[in-house]
Amino acid sequence: MNYNKTKKIASILLIMTGAIALISEIGADIKNYYVQSIGVVVLMLGLFLINSGLSSKTTLDSKEYFEEEE
């Protein structure tokens, strides 16, 4: 299986799991702060996996900036 496809599926599952944990704890009468903490960590991990594949524009366009200065 393709690495990028596996990473995308895993990140979506992590985001969904974290979101469900947070939403269920918001609506609960008795708050379980351990579930909320784990939900936030899992949600942020999923978002990190999605954003870690983005490339920076400054490294791609660095030659244009050097030509303008000269």
# chains A, B, ... in the order shown; residues from 1 in each chain; ligands from 1
$ residues_around --residues "range 35-40 of chain A" --least-positions-apart "4" --cutoff "10 Å" --atoms "only C-alpha atoms" --output "PyMOL selection string"
chain A and resi 14-26+31+44-46
$ write_last_selection --atoms "N, CA and C atoms" --output "CSV table (one decimal), in the first residue's frame"
chain,number,residue,atom,x,y,z
A,14,LEU,N,-7.3,9.4,13.2
A,14,LEU,CA,-6.9,10.0,14.4
A,14,LEU,C,-7.7,11.3,14.7
A,15,ILE,N,-8.0,12.1,13.6
A,15,ILE,CA,-8.8,13.3,13.8
A,15,ILE,C,-10.2,12.9,14.2
A,16,MET,N,-10.8,11.9,13.6
A,16,MET,CA,-12.1,11.5,13.9
A,16,MET,C,-12.2,11.0,15.3
A,17,THR,N,-11.2,10.2,15.7
A,17,THR,CA,-11.2,9.7,17.1
A,17,THR,C,-11.1,10.8,18.1
A,18,GLY,N,-10.2,11.7,17.9
A,18,GLY,CA,-10.1,12.8,18.8
A,18,GLY,C,-11.3,13.7,18.9
A,19,ALA,N,-11.9,13.9,17.7
A,19,ALA,CA,-13.1,14.8,17.7
A,19,ALA,C,-14.3,14.1,18.4
A,20,ILE,N,-14.4,12.8,18.2
A,20,ILE,CA,-15.5,12.1,18.9
A,20,ILE,C,-15.3,12.1,20.4
A,21,ALA,N,-14.1,11.9,20.8
A,21,ALA,CA,-13.8,11.9,22.3
A,21,ALA,C,-14.1,13.3,22.9
A,22,LEU,N,-13.7,14.3,22.2
A,22,LEU,CA,-14.0,15.7,22.7
A,22,LEU,C,-15.5,16.0,22.7
A,23,ILE,N,-16.2,15.7,21.6
A,23,ILE,CA,-17.6,16.0,21.5
A,23,ILE,C,-18.4,15.2,22.6
A,24,SER,N,-18.0,13.9,22.8
A,24,SER,CA,-18.7,13.1,23.8
A,24,SER,C,-18.5,13.6,25.2
A,25,GLU,N,-17.3,14.2,25.5
A,25,GLU,CA,-17.1,14.7,26.8
A,25,GLU,C,-17.7,16.0,27.0
A,26,ILE,N,-17.9,16.8,26.0
A,26,ILE,CA,-18.5,18.1,26.1
A,26,ILE,C,-20.0,17.9,26.5
A,31,LYS,N,-17.7,15.0,33.9
A,31,LYS,CA,-16.5,15.2,33.0
A,31,LYS,C,-15.3,14.3,33.4
A,44,MET,N,-4.6,16.6,17.7
A,44,MET,CA,-3.4,17.3,17.3
A,44,MET,C,-2.4,16.5,16.5
A,45,LEU,N,-2.3,15.2,16.9
A,45,LEU,CA,-1.4,14.3,16.2
A,45,LEU,C,-1.9,14.1,14.8
A,46,GLY,N,-3.2,13.9,14.6
A,46,GLY,CA,-3.8,13.7,13.3
A,46,GLY,C,-3.6,15.0,12.4
$ residues_around --residues "Lys7 in chain A" --least-positions-apart "5" --cutoff "9 Å" --atoms "only C-alpha atoms" --output "list in words"
Asn2, Ile12, Leu49 and Ile50 of chain A
$ write_last_selection --atoms "C-alpha atoms" --output "short mmCIF file (atom, residue, chain, number, x, y, z; two decimals), in the first residue's frame"
data_model
loop_
_atom_site.label_atom_id
_atom_site.label_comp_id
_atom_site.auth_asym_id
_atom_site.auth_seq_id
_atom_site.Cartn_x
_atom_site.Cartn_y
_atom_site.Cartn_z
CA ASN A 2 1.16 3.52 -0.75
CA ILE A 12 -8.20 11.03 9.25
CA LEU A 49 0.38 14.23 10.21
CA ILE A 50 -1.63 16.13 7.62
#
$ atom_distance --atom1 "CA of Asn4 in chain A" --atom2 "CA of Val42 in chain A"
19.2 Å
$ atom_distance --atom1 "CA of Ala10 in chain A" --atom2 "CA of Ala28 in chain A"
27.0 Å
$ atom_distance --atom1 "CA of Val41 in chain A" --atom2 "CA of Leu13 in chain A"
13.2 Å
